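Enquirer: You'll find final05.txt just under this line, and it carries compact mmCIF, C-alpha atoms.
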# COMPACT_ATOMS: atom_id res chain seq x y z
CA MET U 1 9.57 -66.96 124.66
CA LEU U 2 11.81 -64.17 123.42
CA ASN U 3 8.80 -62.71 121.60
CA LYS U 4 6.91 -62.23 124.87
CA ILE U 5 9.95 -60.77 126.64
CA TRP U 6 10.72 -58.35 123.84
CA LEU U 7 7.10 -57.29 123.52
CA THR U 8 6.84 -56.72 127.28
CA MET U 9 10.08 -54.70 127.36
CA MET U 10 8.92 -52.44 124.52
CA ALA U 11 5.31 -51.98 125.65
CA ALA U 12 6.17 -51.56 129.34
CA SER U 13 8.79 -48.90 128.51
CA ILE U 14 6.28 -46.84 126.55
CA LEU U 15 3.54 -47.27 129.16
CA TYR U 16 5.91 -46.32 131.99
CA SER U 17 7.15 -43.29 130.03
CA PHE U 18 3.58 -41.89 130.03
CA PHE U 19 3.55 -41.90 133.85
CA ASN U 20 7.12 -40.70 134.11
CA GLY U 21 6.74 -37.96 131.48
CA THR U 22 9.64 -39.39 129.48
CA TYR U 23 7.64 -40.46 126.41
CA ALA U 24 9.64 -38.26 124.01
CA GLU U 25 13.03 -39.47 125.30
CA THR U 26 11.99 -43.10 125.32
CA VAL U 27 11.30 -43.48 121.62
CA ALA U 28 14.23 -41.19 120.79
CA ALA U 29 16.53 -43.45 122.84
CA GLY U 30 15.23 -46.49 120.95
CA ILE U 31 15.88 -44.91 117.56
CA ALA U 32 19.30 -43.56 118.56
CA SER U 33 20.36 -46.99 119.81
CA CYS U 34 20.03 -48.48 116.29
CA SER U 35 22.91 -46.60 114.69
CA ASP U 36 24.92 -46.93 117.90
CA THR U 37 24.45 -50.69 117.66
CA ILE U 38 25.55 -50.83 114.04
CA GLN U 39 28.69 -48.86 114.91
CA LEU U 40 29.31 -51.21 117.81
CA LEU U 41 28.92 -54.27 115.60
CA ILE U 42 31.35 -52.88 113.01
CA THR U 43 34.00 -52.33 115.71
CA LEU U 44 33.16 -55.77 117.09
CA LEU U 45 33.61 -57.30 113.64
CA GLY U 46 37.12 -55.88 113.41
CA ILE U 47 38.27 -57.19 116.79
CA MET U 48 36.50 -60.52 116.26
CA CYS U 49 38.33 -60.99 112.93
CA PHE U 50 41.55 -60.78 114.91
CA PHE U 51 40.55 -63.29 117.61
CA ASN U 52 38.78 -65.73 115.30
CA GLY U 53 41.70 -65.60 112.89
CA ILE U 54 44.16 -66.41 115.68
CA LEU U 55 41.93 -69.20 116.99
CA LYS U 56 41.70 -70.70 113.51
CA ILE U 57 45.51 -70.81 113.43
CA ALA U 58 45.44 -72.61 116.79
CA ASP U 59 42.93 -75.08 115.38
CA ARG U 60 44.98 -75.81 112.24
CA ALA U 61 48.23 -76.01 114.24
CA GLY U 62 46.80 -78.97 116.14
CA ILE U 63 46.14 -77.17 119.45
CA THR U 64 42.62 -78.62 119.32
CA LYS U 65 44.02 -82.15 119.39
CA ILE U 66 46.36 -81.34 122.29
CA ILE U 67 43.49 -79.88 124.34
CA ALA U 68 41.33 -82.90 123.50
CA ARG U 69 44.07 -85.22 124.78
CA ILE U 70 44.36 -83.23 128.03
CA LEU U 71 40.59 -83.31 128.47
CA GLN U 72 40.19 -87.04 127.89
CA PRO U 73 41.10 -88.34 131.39
CA VAL U 74 38.99 -85.63 133.07
CA LEU U 75 35.95 -86.41 130.92
CA GLY U 76 36.50 -90.15 131.40
CA ARG U 77 36.15 -89.73 135.16
CA LEU U 78 33.07 -87.53 134.76
CA PHE U 79 31.25 -89.75 132.23
CA ARG U 80 31.74 -93.20 133.74
CA ASP U 81 28.77 -94.63 131.78
CA VAL U 82 30.27 -93.70 128.40
CA PRO U 83 33.12 -95.95 127.14
CA PRO U 84 36.18 -93.78 126.28
CA ASP U 85 36.66 -95.49 122.91
CA SER U 86 33.02 -94.95 121.81
CA GLU U 87 31.93 -92.53 119.09
CA ALA U 88 29.87 -90.62 121.62
CA PHE U 89 32.91 -89.94 123.80
CA GLY U 90 34.91 -88.71 120.79
CA ALA U 91 32.16 -86.31 119.72
CA MET U 92 31.79 -85.01 123.28
CA THR U 93 35.53 -84.34 123.58
CA LEU U 94 35.57 -82.44 120.28
CA ASN U 95 32.51 -80.40 121.26
CA ILE U 96 33.99 -79.36 124.60
CA THR U 97 37.32 -78.49 122.98
CA ALA U 98 35.50 -76.30 120.42
CA ASN U 99 33.66 -74.59 123.29
CA LEU U 100 36.93 -73.97 125.14
CA LEU U 101 38.38 -72.29 122.06
CA GLY U 102 35.21 -70.23 121.64
CA MET U 103 34.30 -71.79 118.30
CA GLY U 104 30.54 -71.75 118.87
CA ASN U 105 29.73 -72.41 115.21
CA ALA U 106 31.72 -75.64 115.25
CA ALA U 107 30.63 -76.69 118.74
CA THR U 108 26.88 -76.93 118.17
CA PRO U 109 26.86 -79.52 115.32
CA LEU U 110 29.44 -81.59 117.24
CA GLY U 111 27.32 -81.38 120.36
CA ILE U 112 24.19 -82.50 118.53
CA SER U 113 26.05 -85.43 117.00
CA ALA U 114 27.28 -86.37 120.49
CA MET U 115 23.69 -86.22 121.77
CA GLU U 116 22.55 -88.53 118.94
CA LYS U 117 25.19 -91.09 119.88
CA LEU U 118 24.37 -90.80 123.57
CA LYS U 119 20.72 -91.43 122.71
CA LYS U 120 21.67 -94.58 120.84
CA GLN U 121 23.60 -95.79 123.91
CA ASN U 122 20.45 -95.08 125.92
CA HIS U 123 18.45 -97.51 123.70
CA ASN U 124 16.79 -94.58 121.87
CA ARG U 125 14.55 -93.75 124.82
CA ASN U 126 12.77 -90.41 124.98
CA THR U 127 14.06 -89.92 128.50
CA ALA U 128 17.44 -88.25 129.02
CA SER U 129 20.28 -90.36 130.41
CA HIS U 130 22.54 -89.06 133.19
CA ALA U 131 25.35 -88.65 130.63
CA MET U 132 23.09 -86.51 128.40
CA CYS U 133 22.14 -84.26 131.31
CA LEU U 134 25.78 -83.86 132.37
CA PHE U 135 26.86 -83.13 128.80
CA VAL U 136 24.22 -80.41 128.38
CA ILE U 137 25.23 -78.90 131.74
CA LEU U 138 28.85 -78.82 130.54
CA ASN U 139 27.65 -76.94 127.48
CA THR U 140 25.62 -74.43 129.49
CA SER U 141 28.59 -73.49 131.70
CA SER U 142 30.65 -72.10 128.81
CA ILE U 143 34.27 -72.16 129.84
CA GLN U 144 36.22 -70.17 127.27
CA LEU U 145 39.98 -69.86 127.02
CA ILE U 146 39.74 -66.47 125.29
CA PRO U 147 36.33 -64.81 125.65
CA SER U 148 36.66 -62.88 122.37
CA THR U 149 33.23 -61.22 122.22
CA ILE U 150 33.51 -59.81 125.74
CA LEU U 151 37.10 -58.66 125.17
CA SER U 152 35.95 -56.95 121.96
CA LEU U 153 33.13 -55.16 123.79
CA ARG U 154 35.48 -54.00 126.55
CA MET U 155 37.99 -52.70 124.00
CA ASN U 156 35.22 -50.94 122.11
CA TYR U 157 34.26 -48.98 125.23
CA GLY U 158 37.86 -47.99 125.88
CA SER U 159 38.83 -50.30 128.74
CA GLY U 160 42.27 -49.59 130.19
CA ASN U 161 42.70 -53.28 131.04
CA PRO U 162 40.41 -55.41 128.86
CA PHE U 163 42.09 -58.70 129.86
CA PHE U 164 41.56 -58.15 133.60
CA ILE U 165 38.41 -60.28 133.51
CA VAL U 166 39.92 -63.44 132.00
CA PHE U 167 41.03 -65.13 135.26
CA PRO U 168 37.95 -64.22 137.29
CA MET U 169 35.87 -65.54 134.39
CA TRP U 170 37.63 -68.91 134.37
CA ILE U 171 37.16 -69.27 138.12
CA SER U 172 33.46 -68.31 138.04
CA SER U 173 32.76 -70.60 135.07
CA LEU U 174 34.40 -73.51 136.86
CA THR U 175 32.45 -72.77 140.03
CA GLY U 176 29.19 -72.79 138.05
CA LEU U 177 30.16 -76.01 136.32
CA LEU U 178 31.09 -77.70 139.58
CA VAL U 179 27.76 -76.75 141.16
CA GLY U 180 25.98 -78.03 138.02
CA ILE U 181 27.73 -81.41 138.19
CA LEU U 182 27.09 -81.79 141.92
CA ALA U 183 23.44 -80.80 141.45
CA ALA U 184 23.02 -83.37 138.65
CA LYS U 185 24.54 -86.07 140.86
CA PHE U 186 22.30 -85.09 143.76
CA PHE U 187 19.10 -85.06 141.66
CA ARG U 188 20.02 -88.39 140.09
CA ALA U 189 20.57 -90.03 143.47
CA ARG U 190 17.26 -88.60 144.68
CA GLU U 191 15.38 -89.98 141.64
CA GLU U 192 16.88 -93.41 142.21
CA ARG U 193 15.93 -93.35 145.88
CA ILE U 194 12.33 -92.50 144.96
CA LEU U 195 12.31 -95.36 142.42
CA THR U 196 13.56 -97.95 144.91
CA CYS U 197 11.03 -96.74 147.48
CA ARG U 198 8.19 -97.36 145.00
CA GLN U 199 9.42 -100.87 144.30
CA MET L 200 49.05 -57.36 144.08
CA GLN L 201 50.35 -56.37 140.70
CA THR L 202 50.87 -60.03 139.73
CA VAL L 203 47.32 -60.71 138.60
CA LYS L 204 47.37 -57.75 136.25
CA THR L 205 50.78 -58.73 134.89
CA ILE L 206 49.74 -62.33 134.26
CA SER L 207 46.56 -61.28 132.46
CA GLU L 208 48.55 -58.93 130.27
CA TRP L 209 51.16 -61.55 129.43
CA LEU L 210 48.60 -64.26 128.77
CA LEU L 211 47.41 -63.20 125.34
CA PRO L 212 50.75 -62.40 123.66
CA CYS L 213 52.17 -65.70 124.95
CA LEU L 214 49.16 -67.69 123.75
CA ILE L 215 49.32 -66.08 120.30
CA LEU L 216 53.05 -66.76 120.03
CA LEU L 217 52.42 -70.37 121.04
CA PHE L 218 49.78 -70.75 118.31
CA LEU L 219 52.04 -69.16 115.69
CA LEU L 220 54.99 -71.40 116.65
CA GLY L 221 52.64 -74.39 116.54
CA ALA L 222 51.58 -73.48 113.02
CA PHE L 223 55.23 -73.00 112.02
CA CYS L 224 56.26 -76.40 113.39
CA LYS L 225 53.31 -78.10 111.73
CA LYS L 226 54.02 -76.27 108.45
CA THR L 227 50.39 -75.19 108.09
CA ASP L 228 49.46 -72.03 106.21
CA ALA L 229 48.93 -69.71 109.19
CA TYR L 230 47.97 -66.74 107.02
CA GLN L 231 45.29 -68.71 105.17
CA ALA L 232 43.98 -69.99 108.53
CA PHE L 233 43.74 -66.40 109.76
CA LEU L 234 41.79 -65.39 106.65
CA ASP L 235 39.34 -68.28 107.06
CA GLY L 236 38.81 -67.40 110.71
CA ALA L 237 38.25 -63.75 109.87
CA LYS L 238 35.69 -64.76 107.25
CA ASP L 239 33.74 -66.71 109.89
CA SER L 240 33.44 -63.52 111.96
CA MET L 241 31.60 -61.91 109.04
CA THR L 242 28.90 -64.61 109.14
CA THR L 243 28.63 -64.40 112.93
CA ILE L 244 28.15 -60.62 112.90
CA VAL L 245 25.60 -60.76 110.04
CA ASN L 246 23.64 -63.43 111.93
CA ILE L 247 23.56 -61.58 115.24
CA LEU L 248 22.88 -58.13 113.73
CA PRO L 249 19.05 -58.25 113.61
CA PRO L 250 18.52 -59.70 117.09
CA VAL L 251 21.15 -57.44 118.70
CA VAL L 252 19.60 -54.34 117.07
CA GLY L 253 16.11 -55.42 118.13
CA LEU L 254 17.09 -56.10 121.72
CA MET L 255 19.23 -52.94 121.93
CA ILE L 256 16.14 -50.89 121.02
CA ALA L 257 14.17 -52.58 123.79
CA ILE L 258 16.97 -52.06 126.34
CA ALA L 259 17.53 -48.43 125.29
CA MET L 260 13.81 -47.77 125.70
CA LEU L 261 13.75 -49.48 129.09
CA ARG L 262 16.60 -47.24 130.20
CA GLY L 263 15.32 -44.11 128.46
CA SER L 264 11.87 -44.38 130.02
CA GLY L 265 13.34 -44.77 133.49
CA LEU L 266 11.67 -48.16 133.95
CA LEU L 267 15.00 -50.00 134.18
CA ASP L 268 16.13 -47.78 137.07
CA PHE L 269 12.72 -48.17 138.70
CA LEU L 270 12.91 -51.98 138.51
CA CYS L 271 16.52 -52.00 139.73
CA ASN L 272 15.46 -49.89 142.73
CA LEU L 273 12.68 -52.37 143.44
CA ILE L 274 15.02 -55.36 143.64
CA SER L 275 17.95 -53.50 145.21
CA PRO L 276 17.21 -54.72 148.79
CA VAL L 277 17.57 -58.33 147.60
CA THR L 278 20.72 -57.71 145.55
CA ALA L 279 22.25 -55.61 148.33
CA PHE L 280 21.70 -58.54 150.67
CA LEU L 281 23.49 -60.90 148.22
CA GLY L 282 26.21 -58.34 147.49
CA ILE L 283 25.40 -58.17 143.76
CA PRO L 284 25.63 -54.73 142.11
CA THR L 285 21.97 -54.08 141.20
CA GLU L 286 22.92 -52.61 137.82
CA THR L 287 24.13 -56.05 136.66
CA MET L 288 20.85 -57.82 137.48
CA PRO L 289 19.19 -57.16 134.08
CA LEU L 290 22.16 -58.97 132.50
CA ALA L 291 21.88 -61.89 134.91
CA LEU L 292 18.20 -62.24 133.98
CA LEU L 293 18.54 -61.84 130.22
CA ARG L 294 21.73 -63.85 129.65
CA PRO L 295 20.28 -67.38 130.18
CA ILE L 296 17.48 -66.64 127.71
CA SER L 297 19.22 -64.96 124.80
CA GLY L 298 22.81 -64.76 123.58
CA SER L 299 22.15 -61.59 121.58
CA GLY L 300 20.31 -60.16 124.56
CA GLY L 301 23.39 -60.83 126.69
CA ILE L 302 25.63 -59.01 124.21
CA ALA L 303 23.20 -56.07 123.96
CA MET L 304 22.80 -55.78 127.73
CA LEU L 305 26.55 -56.03 128.42
CA ALA L 306 27.22 -53.36 125.77
CA ASP L 307 24.62 -51.11 127.40
CA ILE L 308 26.13 -51.59 130.87
CA LEU L 309 29.72 -50.99 129.66
CA LYS L 310 28.57 -47.84 127.87
CA THR L 311 26.62 -46.51 130.85
CA TYR L 312 29.02 -47.33 133.71
CA GLY L 313 32.38 -47.75 131.93
CA PRO L 314 34.22 -51.07 131.36
CA ASP L 315 36.72 -50.57 134.20
CA SER L 316 34.19 -49.73 136.91
CA LEU L 317 33.25 -52.46 139.39
CA ILE L 318 29.86 -52.76 137.67
CA GLY L 319 31.54 -53.05 134.25
CA ASN L 320 33.99 -55.67 135.46
CA VAL L 321 31.35 -57.73 137.27
CA ALA L 322 29.05 -57.57 134.23
CA SER L 323 31.86 -58.71 131.90
CA VAL L 324 32.74 -61.67 134.12
CA MET L 325 29.07 -62.53 134.54
CA ALA L 326 28.44 -62.51 130.79
CA GLY L 327 31.46 -64.74 130.26
CA SER L 328 30.76 -67.30 132.95
CA THR L 329 27.15 -68.14 132.02
CA GLU L 330 25.57 -69.39 128.82
CA THR L 331 22.25 -69.15 126.99
CA THR L 332 21.03 -72.02 129.15
CA PHE L 333 17.45 -72.33 127.89
CA TYR L 334 18.49 -72.12 124.25
CA THR L 335 21.22 -74.74 124.63
CA ILE L 336 18.91 -77.17 126.44
CA ALA L 337 16.17 -76.66 123.82
CA VAL L 338 18.54 -77.17 120.87
CA TYR L 339 20.40 -80.18 122.25
CA PHE L 340 17.45 -82.15 123.60
CA GLY L 341 15.18 -80.98 120.77
CA ALA L 342 17.59 -82.16 118.07
CA VAL L 343 17.45 -85.75 119.35
CA GLN L 344 13.73 -85.69 120.31
CA VAL L 345 14.30 -86.30 123.98
CA THR L 346 11.14 -85.05 125.70
CA ASP L 347 11.86 -85.96 129.32
CA THR L 348 14.91 -83.90 130.28
CA ARG L 349 14.75 -85.03 133.93
CA TYR L 350 16.91 -82.78 136.13
CA ALA L 351 18.87 -81.05 133.32
CA VAL L 352 17.04 -77.69 133.59
CA LYS L 353 17.14 -77.60 137.41
CA ALA L 354 20.85 -78.43 137.56
CA ALA L 355 21.76 -76.03 134.74
CA LEU L 356 19.89 -73.17 136.41
CA LEU L 357 21.59 -73.88 139.73
CA ALA L 358 24.92 -73.82 137.86
CA ASP L 359 23.97 -70.43 136.39
CA ALA L 360 23.02 -69.02 139.77
CA ALA L 361 26.32 -70.25 141.21
CA GLY L 362 28.21 -68.77 138.24
CA ILE L 363 26.52 -65.40 138.74
CA LEU L 364 27.23 -65.28 142.48
CA ALA L 365 30.79 -66.47 141.89
CA SER L 366 31.41 -63.79 139.25
CA VAL L 367 30.44 -61.06 141.74
CA PHE L 368 32.56 -62.52 144.54
CA VAL L 369 35.62 -63.39 142.43
CA THR L 370 35.62 -60.03 140.63
CA ARG L 371 35.47 -58.18 143.96
CA VAL L 372 38.45 -60.21 145.19
CA PHE L 373 40.45 -59.54 142.00
CA VAL L 374 39.56 -55.82 141.99
CA GLY L 375 40.73 -55.69 145.61
CA MET L 376 44.06 -57.27 144.65
CA GLY L 377 44.66 -55.29 141.44
Reformat the file's structure so that it appears as structure tokens.
Expert:
Amino acid sequence: MLNKIWLTMMAASILYSFFNGTYAETVAAGIASCSDTIQLLITLLGIMCFFNGILKIADRAGITKIIARILQPVLGRLFRDVPPDSEAFGAMTLNITANLLGMGNAATPLGISAMEKLKKQNHNRNTASHAMCLFVILNTSSIQLIPSTILSLRMNYGSGNPFFIVFPMWISSLTGLLVGILAAKFFRAREERILTCRQ
Amino acid sequence: MQTVKTISEWLLPCLILLFLLGAFCKKTDAYQAFLDGAKDSMTTIVNILPPVVGLMIAIAMLRGSGLLDFLCNLISPVTAFLGIPTETMPLALLRPISGSGGIAMLADILKTYGPDSLIGNVASVMAGSTETTFYTIAVYFGAVQVTDTRYAVKAALLADAAGILASVFVTRVFVGMG
């Protein structure tokens, strides 16, 4: 999918530049962007070292466990079909905590292990269960306590107030998540209604 | 309302102090933890370098050729109706598909319009309140060989759309207060 998008972006730019008379600038802009990007990534690496280092301290200091304990009742209400003492529930809690702390590298393996356990609870069917759908939606809404990459980018481009966006980001993420959960509930109810009609 | 700005500025130092005190109370090696975390950043940056460079070239060429402005002008009646700054639309479209694309596009927007402009602020919030939806769904369901994902894609995309609209609205409110 990304192949087609990238190819279209590149080819369309060059084609459009012929009509627009910007063919020289277009390729020049592409080449210039490479070293700009490397410089950006080096700055990003520096700021990310800071945030990831701090977050690792939080993890080792047991903050992860505290967040997991706070999350448990909320998740219990959301995932009524998953017993709170099951392995699946534990893996889900850890995955969402890792996401909250912005530890993407740790979150994905935990999330996959949670999906495996949810599949087992669903009698190994090839059809997703409601819990699986909800869990994936939780993962696609990305609520982050400290959005380190975005803060790094803002600092790199000289923002006077890089942290300004943290609160608005929390609110928008939560709004997205809420709509996702409601949509999942709505679609599920609709599927069940169609099923009972057929019977 | 100065309060919002003050709280955001106090947030990070207080959080860091909390983490450090936590490490002190738990008697864990905070310095070693910091080093391990910093080392992880190395791997992350090395992994995202090729895709970010590749997508940056494509975005720079889109902008350099004038095609990006042309496309933004085309959709501007729709975005104006919804109240979304048109310049942030490329980000809204690329973000659900590619994480590196989201980083590249946000960097391009911050560079072009400045991080503290309304466009820069909206783009930052937008990038932070949505995820690489398609990638996440593919990885999670693919890893456990679930082929029928039922309503997961529909609901996740609705969540994204809501997140994008919310980021515009909420940022405008906060900019108005700050």
Enquirer: Do a neighbour search on Thr370 in chain L at 10 Å with only C-alpha atoms, toss out local chain neighbours closer than 5 positions, and write the hits as a PyMOL selection string.
Expert: (chain U and resi 164-165+167-169+171-172) or (chain L and resi 317-318+320-325+365+375-376)
Enquirer: Choose the residue, out of L:Thr242, L:Thr227, L:Ser299, L:Thr348, that has the smallest atom-to-atom separation from Thr37 in chain U; count all atoms listed in the file.
Expert: L:Ser299
Enquirer: Quick one: pull the distance between CA of Ser240 in chain L and CA of Ala68 in chain U, Å, one decimal.
Expert: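 Answer for the CA of Ser240 in chain L to CA of Ala68 in chain U separation: 23.9 Å.
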Enquirer: Which polymer residues have any atom within 7 Å of an atom of Ile283 in chain L, counting only C-alpha atoms, with same-chain residues fewer than 3 positions away left out, as a list in words?
Expert: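 After dropping sequence-adjacent residues, the list is Thr278, Ala279 and Val367 of chain L.
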Enquirer: What would the file look like if the residues just selected were written as a PDB file, in the coordinates of the input with C-alpha atoms?
Expert:
ATOM      1  CA  THR L 278      20.720 -57.710 145.550  1.00  0.00           C
ATOM      2  CA  ALA L 279      22.250 -55.610 148.330  1.00  0.00           C
ATOM      3  CA  VAL L 367      30.440 -61.060 141.740  1.00  0.00           C
TER       4      VAL L 367
END
Enquirer: Give me, please, the distance in Å between CA of Gly46 in chain U and CA of Leu153 in chain U, quoted to one decimal.
Expert: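 Between CA of Gly46 in chain U and CA of Leu153 in chain U the gap is 11.1 Å.
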Enquirer: Got a sec: who's within 10 Å of Ala291 in chain L, counting all atoms listed in the file, leaving out chain neighbours fewer than 3 positions off, as a short mmCIF file (atom, residue, chain, number, x, y, z; two decimals) with C-alpha atoms, keeping the file's coordinate frame?
Expert:
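Writing the result to selection-v7.cif gives the following:
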data_model
loop_
_atom_site.label_atom_id
_atom_site.label_comp_id
_atom_site.auth_asym_id
_atom_site.auth_seq_id
_atom_site.Cartn_x
_atom_site.Cartn_y
_atom_site.Cartn_z
CA GLU L 286 22.92 -52.61 137.82
CA THR L 287 24.13 -56.05 136.66
CA MET L 288 20.85 -57.82 137.48
CA ARG L 294 21.73 -63.85 129.65
CA PRO L 295 20.28 -67.38 130.18
CA ILE L 296 17.48 -66.64 127.71
CA GLY L 301 23.39 -60.83 126.69
CA MET L 304 22.80 -55.78 127.73
CA LEU L 305 26.55 -56.03 128.42
CA ALA L 322 29.05 -57.57 134.23
CA MET L 325 29.07 -62.53 134.54
CA ALA L 326 28.44 -62.51 130.79
CA THR L 329 27.15 -68.14 132.02
CA ASP L 359 23.97 -70.43 136.39
CA ALA L 360 23.02 -69.02 139.77
CA GLY L 362 28.21 -68.77 138.24
CA ILE L 363 26.52 -65.40 138.74
CA LEU L 364 27.23 -65.28 142.48
#
Enquirer: Please, what distance in Å, to one decimal, runs between CA of Asp307 in chain L and CA of Ile146 in chain U?
Expert: 21.7 Å
Enquirer: Determine, using only C-alpha atoms, which residues of range 9-101 of chain U have any atom at most 12 Å from an atom of range 121-129 of chain U, and tabulate each with its shortest atom pair and distance in Å to one decimal place, rows ordered by chain and then rising number, as a Markdown table.
Expert:
| residue | atom | partner | partner_atom | distance |
| --- | --- | --- | --- | --- |
| U:Phe79 | CA | U:Ser129 | CA | 11.1 |
| U:Asp81 | CA | U:Gln121 | CA | 9.5 |
| U:Val82 | CA | U:Gln121 | CA | 8.3 |
| U:Pro83 | CA | U:Gln121 | CA | 10.1 |
| U:Ser86 | CA | U:Gln121 | CA | 9.7 |
| U:Glu87 | CA | U:Gln121 | CA | 10.2 |
| U:Ala88 | CA | U:Gln121 | CA | 8.4 |
| U:Phe89 | CA | U:Gln121 | CA | 11.0 |
Enquirer: Based on only C-alpha atoms, which of the residues in chain L come within 6 Å of chain U? I want them as a PyMOL selection string.
Expert: chain L and resi 207+218+221-222+229+232-233+236-237+240+252+256-257+259-261+263-264+314-315+324+328-330+332+339+343+345-348+351+354-355+358-359+361-362+365-366+369-370
Enquirer: Around range 239-245 of chain L, with edges along x, y and z and 4 Å added on all six sides, what centre and edge lengths do you get, in Å to one decimal, as JSON?
Expert:
{"center_x": 29.7, "center_y": -63.7, "center_z": 111.0, "size_x": 16.1, "size_y": 14.1, "size_z": 11.9}
Enquirer: Compare U:Ala106, U:Ala131, U:Leu100, U:Ala91 by their minimum atom-to-atom distance to Gly327 in chain L, counting all atoms listed in the file, and give me the closest one.
Expert: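 The shortest atom-to-atom distance to Gly327 in chain L comes from U:Leu100.
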